[in-house]
>>> print(open('input-v7.txt').read())   # compact mmCIF, C-alpha atoms and all ligand atoms
# COMPACT_ATOMS: atom_id res chain seq x y z
CA MET M 1 99.86 80.85 79.98
CA GLY M 2 96.72 78.72 80.00
CA VAL M 3 95.91 76.09 82.59
CA MET M 4 96.50 73.30 80.09
CA GLU M 5 99.98 74.50 79.24
CA MET M 6 100.79 74.90 82.89
CA MET M 7 99.66 71.36 83.66
CA SER M 8 101.55 69.79 80.78
CA GLU M 9 104.65 71.76 81.63
CA THR M 10 104.57 70.53 85.22
CA SER M 11 104.21 66.92 84.17
CA ALA M 12 106.87 67.28 81.50
CA ARG M 13 109.19 68.41 84.24
CA GLU M 14 108.22 65.35 86.23
CA GLY M 15 109.13 63.25 83.22
CA GLU M 16 105.73 61.64 82.65
CA ALA M 17 102.95 62.06 80.12
CA SER M 18 100.28 64.62 80.97
CA MET M 19 96.92 63.52 82.27
CA TYR M 20 95.43 65.32 79.29
CA GLU M 21 96.77 62.81 76.88
CA TYR M 22 95.61 59.46 75.57
CA VAL M 23 98.13 56.69 75.99
CA GLU M 24 96.95 53.23 74.98
CA GLY M 25 96.26 50.80 77.81
CA ARG M 26 97.34 53.29 80.46
CA ASP M 27 95.92 53.03 83.97
CA PHE M 28 92.83 55.06 84.76
CA ASN M 29 93.57 58.69 85.53
CA PRO M 30 92.10 60.40 88.61
CA VAL M 31 89.05 61.72 86.73
CA GLU M 32 88.27 58.32 85.23
CA LYS M 33 88.70 56.78 88.68
CA VAL M 34 86.25 59.23 90.20
CA ILE M 35 83.74 58.35 87.49
CA LEU M 36 84.26 54.59 87.56
CA GLU M 37 84.60 54.05 91.29
CA ARG M 38 81.69 56.15 92.39
CA ARG M 39 78.74 54.07 93.61
CA SER M 40 75.39 55.20 94.92
CA VAL M 41 75.60 55.45 98.70
CA ARG M 42 72.66 54.30 100.79
CA ARG M 43 74.10 54.36 104.31
CA TYR M 44 75.45 57.54 105.84
CA ARG M 45 77.20 58.54 109.02
CA GLU M 46 75.45 61.00 111.32
CA GLU M 47 78.28 63.52 111.00
CA GLN M 48 77.33 66.65 109.05
CA VAL M 49 79.25 67.61 105.90
CA PRO M 50 81.27 70.87 106.26
CA GLU M 51 79.45 73.82 104.73
CA GLY M 52 82.48 74.61 102.57
CA ALA M 53 82.37 71.17 100.97
CA VAL M 54 78.73 71.64 99.99
CA ARG M 55 79.50 75.10 98.59
CA ARG M 56 82.34 73.64 96.60
CA ILE M 57 80.08 70.93 95.17
CA LEU M 58 77.48 73.56 94.22
CA GLU M 59 80.23 75.44 92.38
CA CYS M 60 80.77 72.39 90.17
CA GLY M 61 77.04 72.36 89.46
CA ARG M 62 77.10 76.05 88.59
CA PHE M 63 79.69 75.45 85.89
CA ALA M 64 77.84 72.63 84.14
CA PRO M 65 77.18 73.12 80.43
CA SER M 66 73.60 73.93 79.45
CA ALA M 67 71.75 74.68 76.22
CA GLY M 68 72.26 78.32 75.29
CA ASN M 69 73.99 78.71 78.66
CA SER M 70 70.50 79.06 80.08
CA GLN M 71 71.42 77.37 83.41
CA PRO M 72 67.88 76.11 83.96
CA TRP M 73 68.29 75.14 87.61
CA ARG M 74 67.89 76.37 91.12
CA PHE M 75 69.48 74.66 94.10
CA VAL M 76 67.83 74.17 97.46
CA VAL M 77 70.04 72.81 100.23
CA VAL M 78 68.36 71.19 103.22
CA ARG M 79 70.48 70.30 106.25
CA ASP M 80 67.68 70.35 108.79
CA ARG M 81 67.00 66.86 110.17
CA LYS M 82 63.42 67.72 111.07
CA MET M 83 62.65 68.88 107.54
CA LEU M 84 64.28 65.85 105.95
CA GLU M 85 62.32 63.53 108.21
CA GLY M 86 59.14 65.43 107.41
CA MET M 87 59.71 64.96 103.70
CA GLU M 88 60.46 61.30 104.26
CA ARG M 89 57.16 60.89 106.07
CA ALA M 90 55.27 62.74 103.33
CA VAL M 91 56.75 60.52 100.62
CA ARG M 92 56.17 57.38 102.66
CA LEU M 93 52.54 58.26 103.15
CA ARG M 94 52.09 58.68 99.40
CA CYS M 95 53.89 55.42 98.75
CA ARG M 96 51.48 53.69 101.12
CA VAL M 97 48.53 55.01 99.15
CA PHE M 98 50.06 53.90 95.84
CA SER M 99 51.05 50.54 97.26
CA PHE M 100 47.50 50.03 98.53
CA LEU M 101 46.07 50.89 95.12
CA LEU M 102 48.60 49.06 92.95
CA ASP M 103 50.58 46.33 94.65
CA TRP M 104 48.49 43.24 94.06
CA ARG M 105 50.95 41.12 96.03
CA ARG M 106 50.06 42.85 99.28
CA SER M 107 47.08 45.12 98.88
CA PRO M 108 43.82 44.04 100.48
CA LEU M 109 42.24 45.11 97.19
CA GLY M 110 43.68 41.96 95.62
CA ARG M 111 42.47 41.54 92.07
CA LEU M 112 41.35 45.13 91.84
CA ALA M 113 44.92 46.20 92.66
CA LEU M 114 46.17 43.97 89.86
CA LEU M 115 43.78 45.63 87.42
CA ASN M 116 44.80 49.05 88.74
CA SER M 117 48.46 48.22 88.24
CA ARG M 118 47.87 47.04 84.68
CA LEU M 119 46.19 50.34 83.88
CA PHE M 120 48.50 52.70 85.79
CA ILE M 121 51.73 51.06 84.61
CA ARG M 122 50.56 51.73 81.06
CA LEU M 123 49.82 55.35 81.88
CA LYS M 124 53.03 55.94 83.84
CA ARG M 125 55.51 53.66 82.12
CA ASN M 126 58.60 55.37 83.48
CA GLU M 127 57.44 56.16 87.00
CA LEU M 128 56.00 52.66 87.46
CA ALA M 129 58.70 50.63 85.69
CA PRO M 130 59.59 47.45 87.64
CA ALA M 131 62.32 48.94 89.85
CA PRO M 132 60.45 52.05 91.07
CA PHE M 133 57.28 49.98 91.35
CA ALA M 134 59.02 47.68 93.82
CA SER M 135 60.58 50.64 95.65
CA ILE M 136 57.13 52.13 96.28
CA THR M 137 56.28 49.11 98.38
CA LEU M 138 59.69 49.07 100.09
CA ILE M 139 59.28 52.73 101.06
CA ALA M 140 55.68 52.15 102.14
CA LEU M 141 56.82 49.30 104.41
CA GLY M 142 59.59 51.46 105.87
CA LYS M 143 62.29 49.13 104.52
CA LEU M 144 63.83 51.74 102.26
CA ARG M 145 64.47 55.28 103.46
CA LEU M 146 64.06 58.17 101.07
CA PHE M 147 67.34 59.96 101.89
CA HIS M 148 69.05 56.91 103.46
CA GLY M 149 69.86 58.99 106.54
CA ALA M 150 71.98 61.56 104.67
CA PRO M 151 72.56 64.75 106.69
CA THR M 152 72.50 67.05 103.65
CA VAL M 153 70.24 66.96 100.60
CA ILE M 154 70.59 69.15 97.51
CA PHE M 155 67.32 69.60 95.65
CA ILE M 156 67.54 70.61 92.01
CA LEU M 157 64.61 72.58 90.70
CA GLU M 158 64.28 72.74 86.95
CA ASP M 159 63.49 76.09 85.36
CA ARG M 160 60.92 75.09 82.77
CA ARG M 161 61.77 78.12 80.62
CA GLY M 162 65.27 76.75 79.95
CA ALA M 163 66.52 76.60 76.36
CA GLY M 164 66.20 73.31 74.53
CA LYS M 165 65.87 70.41 76.95
CA PRO M 166 66.17 71.78 80.49
CA HIS M 167 65.59 68.35 82.08
CA VAL M 168 68.75 67.07 80.37
CA ASP M 169 70.72 70.08 81.56
CA VAL M 170 69.53 69.45 85.11
CA GLY M 171 70.91 65.91 84.86
CA ILE M 172 74.25 67.14 83.58
CA CYS M 173 74.47 69.69 86.36
CA GLY M 174 73.60 67.12 89.00
CA GLN M 175 76.16 64.63 87.78
CA ASN M 176 78.84 67.34 87.96
CA MET M 177 77.97 67.76 91.63
CA VAL M 178 77.80 64.03 92.34
CA LEU M 179 81.26 63.45 90.89
CA ALA M 180 82.69 66.47 92.65
CA ALA M 181 81.28 65.13 95.92
CA HIS M 182 82.84 61.73 95.32
CA SER M 183 86.21 63.36 94.62
CA LEU M 184 85.96 64.99 98.06
CA GLY M 185 85.40 61.64 99.77
CA LEU M 186 81.65 62.13 100.13
CA GLY M 187 78.88 59.76 99.17
CA THR M 188 75.83 60.66 97.12
CA CYS M 189 72.64 59.10 95.90
CA TRP M 190 70.19 60.42 93.35
CA VAL M 191 66.74 60.50 94.90
CA GLY M 192 64.06 60.53 92.24
CA PHE M 193 61.26 59.67 94.64
CA ILE M 194 61.10 63.28 95.85
CA GLU M 195 58.87 63.44 92.78
CA LEU M 196 56.07 62.46 95.14
CA LEU M 197 56.47 65.78 96.98
CA ARG M 198 54.80 67.26 93.93
CA TYR M 199 51.58 66.01 95.47
CA SER M 200 52.26 67.95 98.65
CA PRO M 201 51.28 71.64 98.55
CA TYR M 202 52.98 72.13 101.93
CA TRP M 203 56.41 70.91 100.83
CA LYS M 204 56.16 72.62 97.47
CA ARG M 205 55.56 75.90 99.26
CA ARG M 206 58.37 75.30 101.74
CA LEU M 207 60.90 74.45 99.04
CA GLY M 208 59.77 77.30 96.80
CA VAL M 209 58.59 75.02 94.01
CA ARG M 210 56.34 77.27 91.97
CA TYR M 211 56.31 78.42 88.37
CA PRO M 212 58.71 78.45 86.56
CA TYR M 213 60.28 75.83 88.77
CA ARG M 214 59.60 72.15 88.89
CA LEU M 215 60.99 69.69 91.42
CA ALA M 216 63.39 67.65 89.31
CA GLU M 217 65.75 65.59 91.45
CA ALA M 218 67.45 65.47 94.81
CA ILE M 219 70.96 64.40 95.71
CA ALA M 220 71.54 62.88 99.15
CA LEU M 221 74.97 63.81 100.45
CA GLY M 222 77.06 62.66 103.36
CA TYR M 223 79.95 60.57 104.66
CA PRO M 224 79.39 56.93 103.78
CA VAL M 225 79.42 54.11 106.31
CA GLY M 226 82.19 51.69 105.36
CA LYS M 227 83.75 51.81 101.92
CA PRO M 228 80.92 51.51 99.41
CA ASP M 229 82.90 52.66 96.38
CA GLY M 230 84.79 50.66 93.82
CA MET M 231 84.75 49.46 90.25
CA VAL M 232 82.20 46.78 89.44
CA ALA M 233 80.93 44.82 86.45
CA ARG M 234 78.18 46.36 84.35
CA GLU M 235 76.39 45.31 81.17
CA LEU M 236 78.34 46.06 78.02
CA GLN M 237 76.59 48.36 75.58
CA GLU M 238 76.30 47.46 71.95
CA VAL M 239 77.55 50.44 69.95
CA ALA M 240 76.83 51.06 66.28
CA TRP M 241 80.08 52.37 64.82
CA PHE M 242 80.14 54.04 61.40
CA GLU M 243 83.49 54.52 59.74
CA ASP M 244 84.92 54.39 56.24
CA GLY M 245 81.48 53.91 54.73
CA LYS M 246 80.83 50.79 56.81
CA CYS M 247 78.92 50.07 59.98
CA ARG M 248 80.00 47.56 62.58
CA THR M 249 78.88 46.67 66.06
CA VAL M 250 81.25 47.42 68.87
CA LEU M 251 80.73 45.90 72.30
CA MET Q 1 61.14 45.57 69.09
CA ALA Q 2 58.02 43.79 67.96
CA VAL Q 3 54.76 45.70 68.02
CA ARG Q 4 53.29 43.20 70.47
CA GLU Q 5 56.14 43.81 72.90
CA ARG Q 6 55.83 47.51 72.53
CA PHE Q 7 52.25 47.44 73.67
CA SER Q 8 52.33 44.82 76.39
CA VAL Q 9 53.45 45.38 79.91
CA PRO Q 10 54.67 42.24 81.67
CA ARG Q 11 53.20 41.17 84.97
CA TYR Q 12 56.09 41.95 87.27
CA ASP Q 13 55.79 38.63 89.09
CA ASP Q 14 55.68 36.57 85.91
CA ALA Q 15 58.87 34.51 86.17
CA ALA Q 16 58.53 33.41 82.55
CA LEU Q 17 58.95 36.99 81.33
CA VAL Q 18 60.73 38.89 84.03
CA ARG Q 19 64.37 38.17 84.73
CA THR Q 20 65.69 40.15 87.66
CA GLY Q 21 69.37 40.44 88.47
CA ARG Q 22 71.03 37.66 90.40
CA VAL Q 23 73.97 37.73 92.74
CA GLU Q 24 76.14 34.90 93.90
CA VAL Q 25 77.62 34.76 97.38
CA ASP Q 26 80.82 32.94 98.15
CA GLU Q 27 79.80 31.48 101.48
CA GLU Q 28 83.39 30.64 102.38
CA LYS Q 29 84.44 34.29 102.17
CA CYS Q 30 81.24 35.90 103.50
CA ASN Q 31 81.38 36.65 107.24
CA GLY Q 32 77.78 37.78 107.58
CA CYS Q 33 78.66 41.41 108.34
CA GLY Q 34 75.40 42.49 106.70
CA MET Q 35 76.80 45.52 104.87
CA CYS Q 36 75.41 44.37 101.52
CA VAL Q 37 72.02 43.68 103.09
CA SER Q 38 71.76 47.19 104.48
CA ILE Q 39 72.73 49.03 101.30
CA CYS Q 40 70.93 46.99 98.64
CA PRO Q 41 68.52 49.36 96.88
CA GLY Q 42 66.03 46.60 96.16
CA LYS Q 43 66.32 44.94 99.58
CA ALA Q 44 67.01 41.76 97.63
CA LEU Q 45 69.40 40.35 100.24
CA PHE Q 46 69.07 38.96 103.75
CA LEU Q 47 71.25 37.13 106.25
CA ALA Q 48 70.68 33.43 106.71
CA GLU Q 49 72.27 30.76 108.84
CA ALA Q 50 74.47 28.38 106.90
CA GLY Q 51 77.04 25.95 108.24
CA GLY Q 52 77.02 27.47 111.73
CA LYS Q 53 77.48 31.08 110.62
CA MET Q 54 75.51 33.88 108.99
CA VAL Q 55 75.85 34.52 105.28
CA ALA Q 56 74.16 36.83 102.78
CA ARG Q 57 71.52 35.27 100.57
CA MET Q 58 69.10 36.46 97.93
CA VAL Q 59 65.52 36.93 98.98
CA GLN Q 60 63.37 34.13 97.58
CA ALA Q 61 60.36 36.15 96.56
CA GLU Q 62 58.33 36.07 93.41
CA LEU Q 63 60.04 39.33 92.64
CA PRO Q 64 63.56 39.61 94.09
CA GLU Q 65 64.32 43.20 93.29
CA CYS Q 66 67.93 42.89 92.29
CA VAL Q 67 68.76 45.40 89.58
CA ALA Q 68 72.33 44.11 89.18
CA CYS Q 69 73.76 47.46 90.28
CA ASN Q 70 76.61 45.65 92.03
CA ASP Q 71 76.61 48.11 94.92
CA CYS Q 72 76.83 45.05 97.15
CA ALA Q 73 79.97 43.89 95.33
CA ALA Q 74 81.62 47.29 95.74
CA ALA Q 75 80.73 47.54 99.43
CA CYS Q 76 81.76 44.02 100.43
CA LYS Q 77 85.18 44.05 102.09
CA ARG Q 78 85.74 40.38 101.36
CA GLU Q 79 84.83 40.25 97.69
CA ALA Q 80 82.29 37.62 98.61
CA ILE Q 81 79.35 38.83 96.54
CA GLY Q 82 78.64 40.01 93.03
CA ALA Q 83 76.01 40.08 90.32
CA VAL Q 84 76.27 37.25 87.81
CA ARG Q 85 73.29 38.22 85.70
CA GLY Q 86 71.81 41.53 84.59
CA CYS Q 87 68.10 42.16 84.67
CA ASP Q 88 65.63 42.14 81.84
CA PHE Q 89 62.01 42.81 82.58
CA GLY Q 90 60.76 41.73 79.18
CA MET Q 91 58.05 42.98 76.84
CA TYR Q 92 57.73 46.76 77.02
CA TYR Q 93 60.78 46.87 79.31
CA LYS Q 94 62.91 44.46 77.30
CA ALA Q 95 66.63 45.21 77.52
CA LEU Q 96 68.07 46.16 74.14
CA HIS Q 97 71.60 46.23 72.81
CA ARG Q 98 73.21 44.94 75.97
CA GLY Q 99 76.08 42.55 76.45
CA ASP Q 100 77.30 40.58 79.46
CA LEU Q 101 78.41 42.09 82.74
CA CYS Q 102 81.96 43.35 82.44
CA PRO Q 103 84.23 45.54 84.60
CA PRO Q 104 85.68 48.82 83.22
CA ARG Q 105 88.20 48.23 80.47
CA ARG Q 106 91.34 50.18 79.59
CA PHE Q 107 91.65 50.76 75.90
S1 LIG L 301 79.07 42.51 102.69
FE1 LIG L 301 80.19 40.68 102.00
S2 LIG L 301 80.89 39.68 103.88
FE2 LIG L 301 79.29 41.16 104.49
S3 LIG L 301 77.40 39.94 104.49
FE3 LIG L 301 77.58 40.86 102.46
S4 LIG L 301 78.62 39.30 101.21
FE4 LIG L 301 78.93 38.74 103.36
S1 LIG L 302 73.42 43.93 92.69
FE1 LIG L 302 72.41 45.71 93.62
S2 LIG L 302 70.26 45.16 93.67
FE2 LIG L 302 71.39 43.25 93.33
S3 LIG L 302 71.69 42.39 95.37
FE3 LIG L 302 73.52 43.64 94.92
S4 LIG L 302 73.06 45.66 95.78
FE4 LIG L 302 71.11 44.53 95.65
>>> encode(input="input-v7.txt", output="structure tokens")
Amino acid sequence: MGVMEMMSETSAREGEASMYEYVEGRDFNPVEKVILERRSVRRYREEQVPEGAVRRILECGRFAPSAGNSQPWRFVVVRDRKMLEGMERAVRLRCRVFSFLLDWRRSPLGRLALLNSRLFIRLKRNELAPAPFASITLIALGKLRLFHGAPTVIFILEDRRGAGKPHVDVGICGQNMVLAAHSLGLGTCWVGFIELLRYSPYWKRRLGVRYPYRLAEAIALGYPVGKPDGMVARELQEVAWFEDGKCRTVL
Amino acid sequence: MAVRERFSVPRYDDAALVRTGRVEVDEEKCNGCGMCVSICPGKALFLAEAGGKMVARMVQAELPECVACNDCAAACKREAIGAVRGCDFGMYYKALHRGDLCPPRRF
């Protein structure tokens, strides 16, 4: 008997519809709740996460779907405070340099920084979009911490030889882990700024980032301070919906 | 998207083009615990004195970095804060095919 049959049989015995069933207007099921209530956590308790919990989260990453089942990832777990602080310092130093070169609001370069920003934003439209641009200065000033004090960080290295679009597969794999972590009562935050460690030969060597691997993302992991999770309002997305030879917009 | 928009990057402190997120604080409910201030990814909040107590407020900068993530709303124990406007950075970064802020719906 398959897992699905077992589950539906149990719930049938309990006299309620299975979780694996769509019932109109029904309350969110546990999986939907995990997805909808999970927020990015940026304040962590000192307490370390049990090793078993991290292993369990990595298991969920291991079973993520990937193009051609190529599994184009490698995980690096860092639970060493000294190392995490070292990486934070390295990223902060680089943010200070970028902030000096680009942030016309603060840089002593003034107008030259404005011209720099106009040029570099055009060259790096994603990396220097408004939000990360502002974060560079916040990190440089020490107002925003890279790992937010998380005691464990999972780095995802992308195997560039992966089938199809390995960067997408890395995202899918990471989100599996993030949701699994949330379901275990842990907080997570995606840390894209570890990107700046690419400019550090020392940290690349220490983390084993060499061909075919590329530093893709990091996930900060730990017990949150307070209760940061919950459902919130978000922008609706306009969906183009084709059906019966017609197209309509669904919001 | 117009060609002109596609090829122009807004000045991030140009209030005429850039619309950052905005939160509203219910100062009656807010007790100034500072949780939202400490977790805001854009550091767009601070505590200010109002009516003899501390309350959360939005930073009045040329570029308040609120991205309307609503992490503050989720973390606040008193339901005193929440985003009332999403962000749209304009020109090259113009938000497309978006509606108003809305909580999860059950269909
Ligand atoms: S978390 Fe809520 S109560 Fe605390 S300062 Fe922020 S708005 Fe006020
Ligand atoms: S919505 Fe997000 S970015 Fe805006 S003030 Fe709240 S926590 Fe900060």
>>> residues_near_ligand(input="input-v7.txt", ligand="ligand LIG 301 (chain L)", cutoff="10 Å", atoms="all atoms listed in the file", output="PyMOL selection string")
(chain M and resi 228) or (chain Q and resi 23-40+45-48+54-57+71-82)
>>> closest_atom_pairs(input="input-v7.txt", of="chain Q", to="chain M", cutoff="6 Å", atoms="only C-alpha atoms", output="Markdown table")
| residue | atom | partner | partner_atom | distance |
| --- | --- | --- | --- | --- |
| Q:Ile39 | CA | M:Arg42 | CA | 5.3 |
| Q:Ala74 | CA | M:Gly230 | CA | 5.0 |
| Q:Ala75 | CA | M:Pro228 | CA | 4.0 |
| Q:His97 | CA | M:Glu238 | CA | 4.9 |
| Q:Arg98 | CA | M:Gln237 | CA | 4.8 |
| Q:Gly99 | CA | M:Leu236 | CA | 4.5 |
| Q:Asp100 | CA | M:Glu235 | CA | 5.1 |
| Q:Leu101 | CA | M:Glu235 | CA | 4.1 |
| Q:Cys102 | CA | M:Ala233 | CA | 4.4 |
| Q:Pro103 | CA | M:Ala233 | CA | 3.9 |
| Q:Arg106 | CA | M:Gly25 | CA | 5.3 |
| Q:Phe107 | CA | M:Gly25 | CA | 5.0 |
>>> residues_around(input="input-v7.txt", residues="Tyr93 in chain Q", least_positions_apart="4", cutoff="12 Å", atoms="only C-alpha atoms", output="ChimeraX atom specification")
/M:121-122,125-126,128-131 /Q:1,5-12,17-20,87-89
>>> atom_distance(input="input-v7.txt", atom1="CA of Asp80 in chain M", atom2="CA of His167 in chain M")
26.9 Å
>>> atom_distance(input="input-v7.txt", atom1="CA of Ile154 in chain M", atom2="CA of Ala216 in chain M")
11.0 Å
>>> decode(input="input-v7.txt", residues="range 143-160 of chain M", atoms="N, CA, C and O atoms", output="compact mmCIF listing (two decimals), in the first residue's frame")
# COMPACT_ATOMS: atom_id res chain seq x y z
N LYS M 143 24.86 48.48 10.41
CA LYS M 143 23.47 48.48 10.88
C LYS M 143 22.75 47.18 10.57
O LYS M 143 21.74 46.85 11.17
N LEU M 144 23.24 46.50 9.54
CA LEU M 144 22.61 45.25 9.12
C LEU M 144 23.68 44.17 9.14
O LEU M 144 24.75 44.35 8.56
N ARG M 145 23.38 43.07 9.86
CA ARG M 145 24.39 42.00 9.93
C ARG M 145 24.12 40.97 8.85
O ARG M 145 22.97 40.66 8.56
N LEU M 146 25.19 40.42 8.32
CA LEU M 146 25.08 39.49 7.20
C LEU M 146 24.23 38.27 7.56
O LEU M 146 23.29 37.94 6.85
N PHE M 147 24.56 37.60 8.67
CA PHE M 147 23.83 36.39 9.05
C PHE M 147 22.85 36.65 10.20
O PHE M 147 22.29 35.71 10.76
N HIS M 148 22.69 37.90 10.58
CA HIS M 148 21.72 38.29 11.62
C HIS M 148 21.93 37.54 12.93
O HIS M 148 21.00 37.31 13.67
N GLY M 149 23.16 37.09 13.17
CA GLY M 149 23.47 36.39 14.42
C GLY M 149 23.04 34.94 14.45
O GLY M 149 22.97 34.34 15.52
N ALA M 150 22.74 34.36 13.29
CA ALA M 150 22.32 32.95 13.26
C ALA M 150 23.50 32.04 13.62
O ALA M 150 24.61 32.29 13.19
N PRO M 151 23.22 30.98 14.43
CA PRO M 151 24.32 30.10 14.84
C PRO M 151 24.73 29.07 13.78
O PRO M 151 25.80 28.50 13.87
N THR M 152 23.86 28.83 12.81
CA THR M 152 24.17 27.87 11.75
C THR M 152 23.89 28.53 10.40
O THR M 152 22.90 29.24 10.25
N VAL M 153 24.77 28.30 9.44
CA VAL M 153 24.52 28.79 8.09
C VAL M 153 24.78 27.66 7.10
O VAL M 153 25.81 26.98 7.18
N ILE M 154 23.80 27.45 6.21
CA ILE M 154 23.98 26.44 5.15
C ILE M 154 24.32 27.20 3.87
O ILE M 154 23.54 28.02 3.40
N PHE M 155 25.49 26.92 3.32
CA PHE M 155 25.86 27.52 2.04
C PHE M 155 25.49 26.54 0.94
O PHE M 155 25.70 25.34 1.08
N ILE M 156 24.92 27.06 -0.13
CA ILE M 156 24.62 26.20 -1.28
C ILE M 156 25.56 26.58 -2.40
O ILE M 156 25.57 27.74 -2.85
N LEU M 157 26.37 25.63 -2.81
CA LEU M 157 27.23 25.85 -3.96
C LEU M 157 26.52 25.27 -5.17
O LEU M 157 25.92 24.20 -5.09
N GLU M 158 26.59 26.00 -6.27
CA GLU M 158 25.94 25.52 -7.49
C GLU M 158 26.97 24.81 -8.35
O GLU M 158 28.06 25.34 -8.57
N ASP M 159 26.61 23.61 -8.80
CA ASP M 159 27.48 22.89 -9.73
C ASP M 159 27.16 23.41 -11.13
O ASP M 159 26.08 23.15 -11.66
N ARG M 160 28.09 24.14 -11.71
CA ARG M 160 27.81 24.80 -12.98
C ARG M 160 27.60 23.83 -14.13
O ARG M 160 27.18 24.21 -15.21
